[in-house]
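J.: Got a structure for you, upload-v6.txt, holding compact mmCIF, C-alpha atoms.
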```
# COMPACT_ATOMS: atom_id res chain seq x y z
CA MET A 1 72.21 113.22 126.98
CA ASN A 2 68.90 113.95 125.31
CA PRO A 3 68.52 111.51 122.35
CA GLU A 4 66.46 114.07 120.42
CA ALA A 5 69.39 116.49 120.63
CA ILE A 6 71.71 113.81 119.20
CA ILE A 7 69.29 113.22 116.32
CA ASP A 8 68.95 116.97 115.70
CA THR A 9 72.74 117.34 115.46
CA TYR A 10 72.97 114.35 113.14
CA VAL A 11 70.19 115.60 110.87
CA THR A 12 71.78 119.06 110.71
CA ASP A 13 75.06 117.44 109.75
CA VAL A 14 73.37 115.48 106.95
CA VAL A 15 71.36 118.32 105.42
CA ARG A 16 74.20 120.84 105.41
CA ARG A 17 75.65 118.68 102.62
CA LEU A 18 72.48 118.91 100.54
CA PRO A 19 71.33 121.68 98.19
CA ARG A 20 70.11 124.66 100.20
CA LYS A 21 66.54 124.55 98.87
CA GLN A 22 66.16 120.90 99.97
CA ARG A 23 67.56 121.26 103.46
CA ALA A 24 64.58 122.36 105.56
CA ASP A 25 62.23 119.83 103.99
CA VAL A 26 64.60 116.88 104.28
CA ALA A 27 65.63 117.89 107.80
CA PHE A 28 62.05 117.92 109.05
CA GLU A 29 61.21 114.61 107.41
CA LEU A 30 64.44 112.88 108.44
CA ARG A 31 64.17 114.02 112.05
CA SER A 32 60.58 112.83 112.18
CA LEU A 33 61.47 109.42 110.68
CA LEU A 34 64.46 108.92 112.96
CA GLY A 35 62.26 109.87 115.90
CA GLU A 36 59.78 107.15 114.95
CA GLU A 37 62.57 104.64 114.45
CA LEU A 38 63.92 105.50 117.90
CA GLN A 39 60.49 105.16 119.43
CA ASP A 40 60.13 101.78 117.76
CA ARG A 41 63.44 100.63 119.26
CA ALA A 42 62.46 101.90 122.69
CA GLU A 43 59.18 99.96 122.56
CA SER A 44 60.99 96.81 121.43
CA ALA A 45 63.52 97.15 124.26
CA ASP A 46 60.73 98.01 126.72
CA ARG A 47 62.58 101.02 128.12
CA PRO A 48 62.70 104.74 127.37
CA ALA A 49 64.87 105.91 124.52
CA ASP A 50 68.29 107.03 125.65
CA ALA A 51 71.51 108.37 124.14
CA ALA A 52 73.04 104.92 123.60
CA MET A 53 69.93 103.78 121.74
CA ALA A 54 70.04 106.90 119.56
CA MET A 55 73.71 106.32 118.80
CA ASP A 56 72.99 102.70 117.79
CA LEU A 57 70.24 103.90 115.48
CA LEU A 58 72.46 106.53 113.85
CA ALA A 59 75.35 104.07 113.51
CA ALA A 60 73.03 101.73 111.57
CA PHE A 61 71.73 104.64 109.51
CA GLY A 62 75.22 105.59 108.34
CA THR A 63 77.64 108.47 108.63
CA PRO A 64 76.18 111.89 107.74
CA ILE A 65 78.36 112.12 104.64
CA ASP A 66 77.23 108.67 103.43
CA VAL A 67 73.57 109.51 104.02
CA ALA A 68 73.95 112.84 102.24
CA ASP A 69 75.49 110.96 99.30
CA ARG A 70 72.43 108.71 99.17
CA TYR A 71 70.12 111.71 99.01
CA ARG A 72 71.96 113.15 96.07
CA PRO A 73 71.45 111.87 92.54
CA ALA A 74 74.37 109.99 91.00
CA GLY A 75 77.06 112.48 90.02
CA PHE A 76 79.60 112.16 87.26
CA THR A 77 82.93 110.38 87.39
CA ILE A 78 86.03 112.57 87.14
CA ILE A 79 88.55 109.76 86.93
CA ARG A 80 87.29 106.35 85.85
CA PRO A 81 88.41 103.36 87.91
CA ALA A 82 90.28 101.95 84.90
CA ASP A 83 92.20 105.23 84.55
CA ALA A 84 92.90 105.70 88.27
CA PRO A 85 96.18 103.70 88.49
CA GLY A 86 97.57 105.43 85.38
CA PHE A 87 96.45 108.80 86.68
CA ALA A 88 98.17 108.21 90.02
CA ARG A 89 101.32 106.99 88.26
CA VAL A 90 101.53 109.98 85.89
CA SER A 91 100.86 112.39 88.79
CA LEU A 92 103.48 110.91 91.09
CA ILE A 93 106.12 110.45 88.38
CA GLY A 94 105.59 114.06 87.24
CA VAL A 95 106.12 115.38 90.77
CA ALA A 96 109.08 113.06 91.38
CA LEU A 97 110.77 114.13 88.13
CA GLN A 98 110.39 117.81 88.98
CA TRP A 99 111.78 117.19 92.47
CA LEU A 100 114.70 115.22 91.09
CA VAL A 101 115.68 117.78 88.46
CA SER A 102 115.19 120.77 90.78
CA LEU A 103 117.09 119.17 93.67
CA VAL A 104 120.00 118.37 91.39
CA ALA A 105 119.90 121.95 90.09
CA VAL A 106 119.80 123.43 93.61
CA TYR A 107 122.63 121.34 95.04
CA SER A 108 124.85 121.43 91.96
CA VAL A 109 125.35 125.19 92.28
CA PRO A 110 128.52 125.69 94.32
CA MET A 111 127.85 127.83 97.39
CA ASP A 112 129.84 128.65 100.47
CA ALA A 113 128.35 126.59 103.30
CA ALA A 114 129.34 129.30 105.76
CA ALA A 115 127.48 132.01 103.81
CA PRO A 116 123.90 132.86 104.85
CA GLY A 117 121.55 130.33 103.20
CA GLY A 118 124.46 128.32 101.87
CA ASP A 119 124.23 125.29 104.16
CA TRP A 120 122.40 122.20 102.87
CA LEU A 121 119.42 122.63 105.22
CA SER A 122 118.77 126.23 104.17
CA ARG A 123 119.02 125.18 100.53
CA LEU A 124 116.54 122.39 101.19
CA GLY A 125 114.16 124.86 102.87
CA GLY A 126 114.48 127.24 99.95
CA TRP A 127 113.92 124.41 97.51
CA TRP A 128 110.81 123.18 99.38
CA LEU A 129 109.18 126.60 99.35
CA THR A 130 109.78 126.97 95.61
CA TRP A 131 110.07 123.80 93.52
CA GLY A 132 109.15 121.36 96.30
CA LEU A 133 105.65 122.71 96.84
CA GLY A 134 105.43 124.24 93.37
CA SER A 135 105.72 120.82 91.72
CA PHE A 136 102.21 120.01 92.89
CA TRP A 137 100.89 122.17 90.07
CA TRP A 138 101.16 119.03 87.95
CA PRO A 139 98.58 116.82 89.78
CA GLY A 140 96.39 119.93 90.10
CA PHE A 141 96.62 120.52 86.37
CA LEU A 142 95.78 116.87 85.66
CA VAL A 143 92.76 116.99 87.97
CA SER A 144 91.54 120.25 86.39
CA ALA A 145 91.92 118.75 82.91
CA SER A 146 90.05 115.62 84.07
CA ILE A 147 87.20 117.75 85.47
CA ILE A 148 86.85 119.61 82.17
CA ALA A 149 86.93 116.31 80.24
CA ALA A 150 84.33 114.79 82.59
CA LEU A 151 82.04 117.82 82.23
CA VAL A 152 82.30 117.72 78.44
CA SER A 153 81.69 113.97 78.47
CA ALA A 154 78.68 114.33 80.81
CA ARG A 155 77.07 116.89 78.49
CA ARG A 156 77.65 114.84 75.38
CA VAL A 157 74.59 113.02 74.12
CA PRO A 158 75.40 109.30 74.11
CA LYS A 159 75.43 107.78 70.63
CA ASP A 160 73.82 104.49 69.78
CA ARG A 161 77.23 103.10 68.91
CA ALA A 162 80.69 104.11 70.05
CA PRO A 163 82.82 105.57 67.22
CA VAL A 164 84.88 103.11 65.18
CA ALA A 165 88.11 104.76 66.34
CA ILE A 166 87.25 103.85 69.94
CA LEU A 167 86.10 100.32 69.25
CA ASP A 168 89.02 99.59 66.91
CA ARG A 169 91.82 102.00 67.76
CA ASP A 170 94.24 100.38 65.31
CA ARG A 171 92.09 101.09 62.26
CA VAL A 172 93.44 103.92 60.10
CA ASN A 173 91.60 106.49 58.07
CA ARG A 174 92.92 105.81 54.57
CA PRO A 175 92.00 109.20 53.01
CA LEU A 176 93.75 110.87 55.95
CA ILE A 177 96.87 108.75 55.35
CA VAL A 178 96.86 109.73 51.67
CA LEU A 179 96.50 113.39 52.65
CA TYR A 180 99.32 113.06 55.18
CA MET A 181 101.62 111.47 52.57
CA ALA A 182 100.76 114.16 50.02
CA LEU A 183 101.51 116.92 52.55
CA ALA A 184 104.77 115.20 53.50
CA ALA A 185 105.78 115.05 49.82
CA VAL A 186 104.90 118.72 49.31
CA GLY A 187 106.71 119.66 52.53
CA SER A 188 109.86 117.75 51.71
CA ALA A 189 110.20 119.30 48.23
CA PRO A 190 111.53 122.68 49.44
CA LEU A 191 113.91 120.90 51.81
CA ILE A 192 115.32 118.84 48.95
CA ALA A 193 115.58 122.01 46.86
CA ILE A 194 117.61 123.93 49.47
CA PRO A 195 121.03 122.50 48.45
CA SER A 196 120.61 123.81 44.92
CA ILE A 197 119.21 127.19 45.94
CA ALA A 198 122.19 128.93 44.36
CA SER A 199 121.26 127.61 40.92
CA TRP A 200 117.46 128.04 40.97
CA GLY A 201 117.17 130.98 43.38
CA SER A 202 119.02 133.58 41.33
CA ALA A 203 115.97 135.81 41.48
CA LEU A 204 116.02 135.76 45.26
CA PRO A 205 117.83 138.48 47.22
CA GLN A 206 121.44 137.55 47.86
CA PRO A 207 121.07 137.55 51.71
CA VAL A 208 118.34 134.93 51.42
CA VAL A 209 120.49 132.73 49.21
CA GLN A 210 123.39 133.11 51.64
CA ALA A 211 121.19 132.33 54.64
CA PHE A 212 120.22 129.00 53.12
CA GLU A 213 123.73 127.97 52.15
CA LEU A 214 124.30 124.52 53.64
CA ASP A 215 127.43 123.42 55.41
CA ALA A 216 129.50 121.34 52.99
CA GLU A 217 130.23 118.56 55.49
CA PHE A 218 126.56 118.36 56.44
CA LEU A 219 125.50 118.18 52.81
CA ALA A 220 128.07 115.52 51.95
CA TYR A 221 127.74 113.16 54.90
CA ARG A 222 124.86 113.89 57.28
CA ALA A 223 122.08 115.07 54.98
CA PRO A 224 121.76 112.17 52.50
CA TRP A 225 120.56 109.77 55.19
CA ALA A 226 117.30 111.73 55.35
CA LEU A 227 116.44 110.49 51.86
CA LEU A 228 116.74 106.91 53.06
CA LEU A 229 114.49 107.57 56.06
CA TRP A 230 111.95 109.45 53.95
CA ALA A 231 111.83 106.49 51.59
CA ALA A 232 111.30 104.18 54.57
CA ALA A 233 108.51 106.45 55.85
CA LEU A 234 106.89 106.35 52.42
CA GLY A 235 107.05 102.57 52.50
CA LEU A 236 105.49 102.57 55.94
CA GLY A 237 102.67 104.78 54.68
CA ILE A 238 102.02 102.44 51.77
CA ALA A 239 102.03 99.44 54.13
CA LEU A 240 99.48 101.25 56.32
CA LEU A 241 97.31 101.98 53.30
CA VAL A 242 97.38 98.35 52.22
CA ALA A 243 96.78 96.88 55.68
CA GLY A 244 94.18 99.49 56.62
CA ARG A 245 95.25 99.23 60.25
CA TRP A 246 98.23 99.51 62.56
CA THR A 247 99.52 95.96 62.74
CA ARG A 248 102.22 94.88 65.15
CA PRO A 249 104.99 94.79 62.46
CA ILE A 250 103.99 98.23 61.19
CA ARG A 251 104.07 99.68 64.71
CA ILE A 252 107.47 98.09 65.34
CA ALA A 253 108.73 99.51 62.02
CA SER A 254 107.33 102.90 63.01
CA ALA A 255 109.11 102.76 66.40
CA VAL A 256 112.37 101.79 64.66
CA GLY A 257 111.83 104.70 62.25
CA ASP A 258 111.41 107.06 65.21
CA VAL A 259 114.68 105.85 66.72
CA ALA A 260 116.45 106.25 63.38
CA TRP A 261 115.13 109.80 62.96
CA ILE A 262 116.07 110.73 66.54
CA ALA A 263 119.58 109.40 65.96
CA LEU A 264 119.88 111.23 62.64
CA LEU A 265 118.61 114.51 64.12
CA ALA A 266 121.05 114.15 67.02
CA TRP A 267 123.84 113.70 64.46
CA TRP A 268 122.63 116.68 62.47
CA VAL A 269 122.58 119.06 65.43
CA SER A 270 126.02 117.87 66.57
CA GLY A 271 127.61 120.06 63.91
CA PRO A 272 126.81 123.05 61.69
CA ILE A 273 123.94 122.69 59.23
CA PHE A 274 123.86 126.15 57.64
CA VAL A 275 126.84 128.39 57.10
CA ALA A 276 125.02 131.47 58.41
CA PRO A 277 125.06 131.34 62.24
CA LEU A 278 121.51 132.69 62.72
CA ALA A 279 119.96 130.22 60.28
CA ASP A 280 122.07 127.46 61.77
CA ASP A 281 121.05 128.17 65.39
CA THR A 282 117.37 128.52 64.47
CA THR A 283 117.34 125.32 62.45
CA ARG A 284 119.11 123.32 65.12
CA GLY A 285 116.66 124.61 67.76
CA ILE A 286 113.72 123.50 65.60
CA LEU A 287 115.34 120.10 65.02
CA VAL A 288 115.82 119.59 68.77
CA LEU A 289 112.10 120.28 69.30
CA LEU A 290 111.32 117.86 66.48
CA ALA A 291 113.50 115.20 68.14
CA ILE A 292 111.64 115.70 71.45
CA GLY A 293 108.35 115.24 69.59
CA LEU A 294 109.71 112.05 68.06
CA VAL A 295 110.69 110.76 71.50
CA PHE A 296 107.07 111.17 72.62
CA ASP A 297 105.84 109.49 69.44
CA PHE A 298 108.27 106.62 70.06
CA VAL A 299 106.95 106.16 73.63
CA PHE A 300 103.32 106.18 72.48
CA THR A 301 104.08 103.82 69.61
CA VAL A 302 105.91 101.35 71.83
CA ARG A 303 103.07 101.44 74.37
CA ARG A 304 100.62 100.61 71.61
CA ILE A 305 102.55 97.66 70.22
CA ALA A 306 100.12 94.94 71.18
CA LYS A 307 101.68 91.83 72.54
CA PRO A 308 100.26 88.66 70.99
CA ILE A 309 97.61 87.15 73.25
CA ALA A 310 99.29 84.14 74.77
CA ALA A 311 97.44 80.91 75.50
CA PRO A 312 97.36 79.98 79.19
CA VAL A 313 99.73 77.34 80.44
CA ILE A 314 97.65 74.22 80.95
CA MET B 1 94.66 84.90 91.58
CA VAL B 2 92.27 84.27 94.48
CA THR B 3 90.73 87.20 96.30
CA ASP B 4 88.89 87.08 99.61
CA VAL B 5 85.34 85.82 99.21
CA PRO B 6 82.86 88.32 100.70
CA PRO B 7 80.45 86.92 103.30
CA LEU B 8 77.07 85.54 102.27
CA ALA B 9 75.35 88.66 103.64
CA LYS B 10 77.14 90.75 101.01
CA TYR B 11 75.75 88.63 98.17
CA GLU B 12 72.27 88.72 99.70
CA GLN B 13 72.52 92.48 100.01
CA ASP B 14 73.49 92.74 96.35
CA LEU B 15 70.51 90.57 95.40
CA ARG B 16 68.17 92.79 97.38
CA LYS B 17 69.66 95.94 95.86
CA GLY B 18 68.60 94.71 92.46
CA VAL B 19 64.94 94.54 93.42
CA LEU B 20 64.87 97.47 95.82
CA VAL B 21 63.18 99.96 93.50
CA LEU B 22 60.58 97.43 92.37
CA ALA B 23 59.79 96.49 95.96
CA VAL B 24 59.35 100.14 96.94
CA LEU B 25 57.23 100.99 93.91
CA SER B 26 55.01 97.99 94.60
CA GLN B 27 54.07 99.37 98.01
CA LEU B 28 53.47 102.92 96.86
CA ARG B 29 50.38 102.20 94.84
CA THR B 30 48.79 103.53 98.02
CA ALA B 31 50.27 106.53 99.80
CA GLN B 32 52.81 105.75 102.51
CA TYR B 33 55.30 107.76 104.51
CA GLY B 34 58.84 106.56 105.07
CA TYR B 35 58.45 104.75 108.35
CA SER B 36 55.15 103.06 107.43
CA LEU B 37 56.62 101.94 104.12
CA ARG B 38 59.62 100.40 105.84
CA GLN B 39 57.33 98.61 108.28
CA ALA B 40 55.14 97.32 105.44
CA LEU B 41 58.14 95.99 103.53
CA ALA B 42 59.66 94.38 106.63
CA GLU B 43 56.39 92.70 107.57
CA GLN B 44 56.29 91.11 104.11
CA GLY B 45 59.85 89.79 104.40
CA MET B 46 61.71 92.60 102.67
CA PRO B 47 63.53 94.52 105.40
CA ILE B 48 65.33 97.55 104.00
CA GLU B 49 67.74 99.62 106.04
CA GLU B 50 66.26 102.98 106.91
CA GLY B 51 69.45 104.71 105.81
CA THR B 52 68.89 103.30 102.34
CA LEU B 53 65.13 103.64 102.05
CA TYR B 54 64.53 107.22 103.10
CA PRO B 55 67.05 108.81 100.73
CA LEU B 56 65.81 106.49 97.97
CA LEU B 57 62.29 107.92 98.27
CA ARG B 58 63.68 111.41 97.72
CA ARG B 59 65.71 110.30 94.72
CA LEU B 60 62.74 108.56 93.12
CA GLU B 61 60.68 111.67 93.69
CA ALA B 62 63.40 113.81 92.10
CA GLN B 63 63.26 111.48 89.09
CA GLY B 64 59.54 112.12 88.78
CA LEU B 65 58.55 108.57 89.70
CA LEU B 66 56.85 109.53 92.96
CA ASP B 67 54.55 112.31 94.07
CA SER B 68 54.66 113.47 97.65
CA GLU B 69 52.85 115.79 100.01
CA TRP B 70 52.89 116.68 103.68
CA LYS B 71 49.89 115.41 105.63
CA VAL B 72 48.79 115.63 109.24
CA ASP B 73 46.95 112.49 110.16
CA GLY B 74 46.43 112.61 113.92
CA GLY B 75 50.18 112.92 114.57
CA PRO B 76 53.13 115.01 113.49
CA PRO B 77 53.28 116.19 109.87
CA ARG B 78 54.48 113.36 107.62
CA ARG B 79 55.52 113.31 104.01
CA TYR B 80 53.44 110.77 102.10
CA TYR B 81 54.68 109.28 98.86
CA THR B 82 52.69 107.65 96.08
CA LEU B 83 53.36 106.56 92.50
CA SER B 84 53.23 109.33 89.89
CA ASP B 85 52.01 108.45 86.39
CA PRO B 86 55.53 107.77 85.08
CA GLY B 87 56.21 105.82 88.29
CA ALA B 88 53.09 103.67 87.74
CA GLU B 89 54.16 103.03 84.15
CA LEU B 90 57.67 102.07 85.26
CA TYR B 91 56.20 99.81 87.92
CA ARG B 92 54.12 97.95 85.30
CA GLU B 93 57.14 97.48 83.07
CA LEU B 94 59.42 96.36 85.89
CA HIS B 95 56.73 94.01 87.13
CA GLU B 96 56.64 92.30 83.73
CA SER B 97 60.45 92.18 83.56
CA TRP B 98 60.57 90.67 87.01
CA GLY B 99 58.09 87.94 85.99
CA SER B 100 60.24 86.94 83.08
CA LEU B 101 63.48 87.18 85.07
CA ALA B 102 62.10 85.09 87.92
CA SER B 103 60.97 82.47 85.44
CA VAL B 104 64.43 82.34 83.83
CA MET B 105 66.10 82.14 87.23
CA ASP B 106 63.81 79.31 88.29
CA THR B 107 64.81 77.40 85.18
CA LEU B 108 68.50 78.08 85.78
CA LEU B 109 68.35 77.11 89.43
CA GLU B 110 66.41 73.91 88.80
CA GLY B 111 69.13 72.79 86.40
CA PRO B 112 68.87 71.13 82.98
CA ARG B 113 65.83 68.98 82.43
CA SER B 114 66.67 65.37 81.81
```
Turn this file's structure into structure tokens for me.
T.:
Amino acid sequence: MNPEAIIDTYVTDVVRRLPRKQRADVAFELRSLLGEELQDRAESADRPADAAMAMDLLAAFGTPIDVADRYRPAGFTIIRPADAPGFARVSLIGVALQWLVSLVAVYSVPMDAAAPGGDWLSRLGGWWLTWGLGSFWWPGFLVSASIIAALVSARRVPKDRAPVAILDRDRVNRPLIVLYMALAAVGSAPLIAIPSIASWGSALPQPVVQAFELDAEFLAYRAPWALLLWAAALGLGIALLVAGRWTRPIRIASAVGDVAWIALLAWWVSGPIFVAPLADDTTRGILVLLAIGLVFDFVFTVRRIAKPIAAPVI
Amino acid sequence: MVTDVPPLAKYEQDLRKGVLVLAVLSQLRTAQYGYSLRQALAEQGMPIEEGTLYPLLRRLEAQGLLDSEWKVDGGPPRRYYTLSDPGAELYRELHESWGSLASVMDTLLEGPRS
């Protein structure tokens, strides 16, 4: 085989991976340089250049995709090496969870195995074409989000110093904590006032007063615990203000607080909260969402509880 | 935890990578094309793989450190590269840095003076 033809094919393969405006120029130069390299090898070997010699030269030069990479300026990183294992874990767990839940859902529906599409294999086929393949939206979504984050990060002008929140992630913004506590106090006031709405809300329309009438059992037994947890949260806020940072005990206390709130909310939604069914259903729905949010907060908090740095065993 | 130790060639390659740009810039004070530059470097004891050198010239040119032009000099057309003004400035600075680094390394490698 003609060695020049091999080089031409190789060069074409390299430059097709380069920006269009660069291709002709790089192709001409690269072919010329490889030709001279081949000639050099032929003279050293004291024989005419042949296909094997050209292949040896190209093998040393690198694969077309590697060479094209070298011609291109350094790109930007979509997923950093330090984030790669976590990214892979979150992607795979997300897909596995969707598969697990959807498979259970598909096979838990009773169907006549003799009916068309009712046998286990047909169900599996149906599942694969819907949830099975559809679950891959999750890694795709993560990759898309990573690309957007990488593009934003690449455009950002690097600062002389990284922000304090990145260098010291446990440090808290005290004014923000004060604002948060003030908002929590303001927000909790109407909730505390609801039980006595009949006495202070005489000016309100009667349907409104009736809608906010609390269940007697809830008010007597399940509701008061919220005051205890609010007091604990206030204490936690004060501890944060004093320490100025999330310490290990404060994070543990926060995680315990999350668990306590989740348990209390679960207790609350186990029975009626308002007498009016519509208000009751709406409130319980909101509380379930709140509990889900607290579960996430609990997971993040636990993950951030720093273990003390242990001395090595000597 | 003990991981496999890469061969000596890998460490040597890493060492060379660190001085690659300086070596190339040093030879482009006069115009050279890719093949002649590689030959010049190899003859002076700095062989650089062609698959590394030729793309590097293009990247340095894209960064504005090299100027280039096609020339016909009794053979096929060749693209000749030479230092641009920013490239010459960078070369001076890297040259100074290299002097100081080499001096530090000499001291480190010779060990503490008794």
J.: Please identify every residue of chain A that has at least one atom no more than 9 Å from any atom of chain B, counting only C-alpha atoms, and report them as a ChimeraX atom specification.
T.: /A:26,28-30,32-34,36-37,58,60-62,67-73
J.: In Å, with one decimal, what is the gap from atom CA of Leu129 of chain A to atom CA of Asp112 of chain A?
T.: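 Atom CA of Leu129 of chain A sits 20.8 Å away from atom CA of Asp112 of chain A.
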J.: Which residues, written as a ChimeraX atom specification, have at least one atom at most 10 Å from segment 255-259 of chain A, with all atoms listed in the file counted and residues fewer than 5 positions away on the same chain left out?
T.: /A:229-230,232-233,236,249-250,264-265,291,293-302,305
J.: Which polymer residues, protein or nucleic acid, are no farther than 9 Å from (59.9, 104.7, 96.3), counting all atoms listed in the file, as a list of chain:residue names?
T.: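 Result, sorted by chain then residue number: B:Leu20, B:Val21, B:Leu22, B:Ala23, B:Val24, B:Leu25, B:Ser26, B:Gln27, B:Leu28, B:Leu37, B:Leu53, B:Tyr54, B:Leu56, B:Leu57, B:Arg58, B:Arg59, B:Leu60, B:Glu61, B:Leu65, B:Leu66, B:Tyr81, B:Thr82, B:Leu83, B:Gly87.
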J.: If we count all atoms listed in the file, what is near segment 275-284 of chain A at a cut-off of 8 Å, once residues fewer than 6 positions away on the same chain are taken out, given as a list in words?
T.: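 Final neighbour list, sorted by chain and number: Gln210, Ala211, Phe212, Glu213, Leu214, Asp215, Trp268 and Val269 of chain A.
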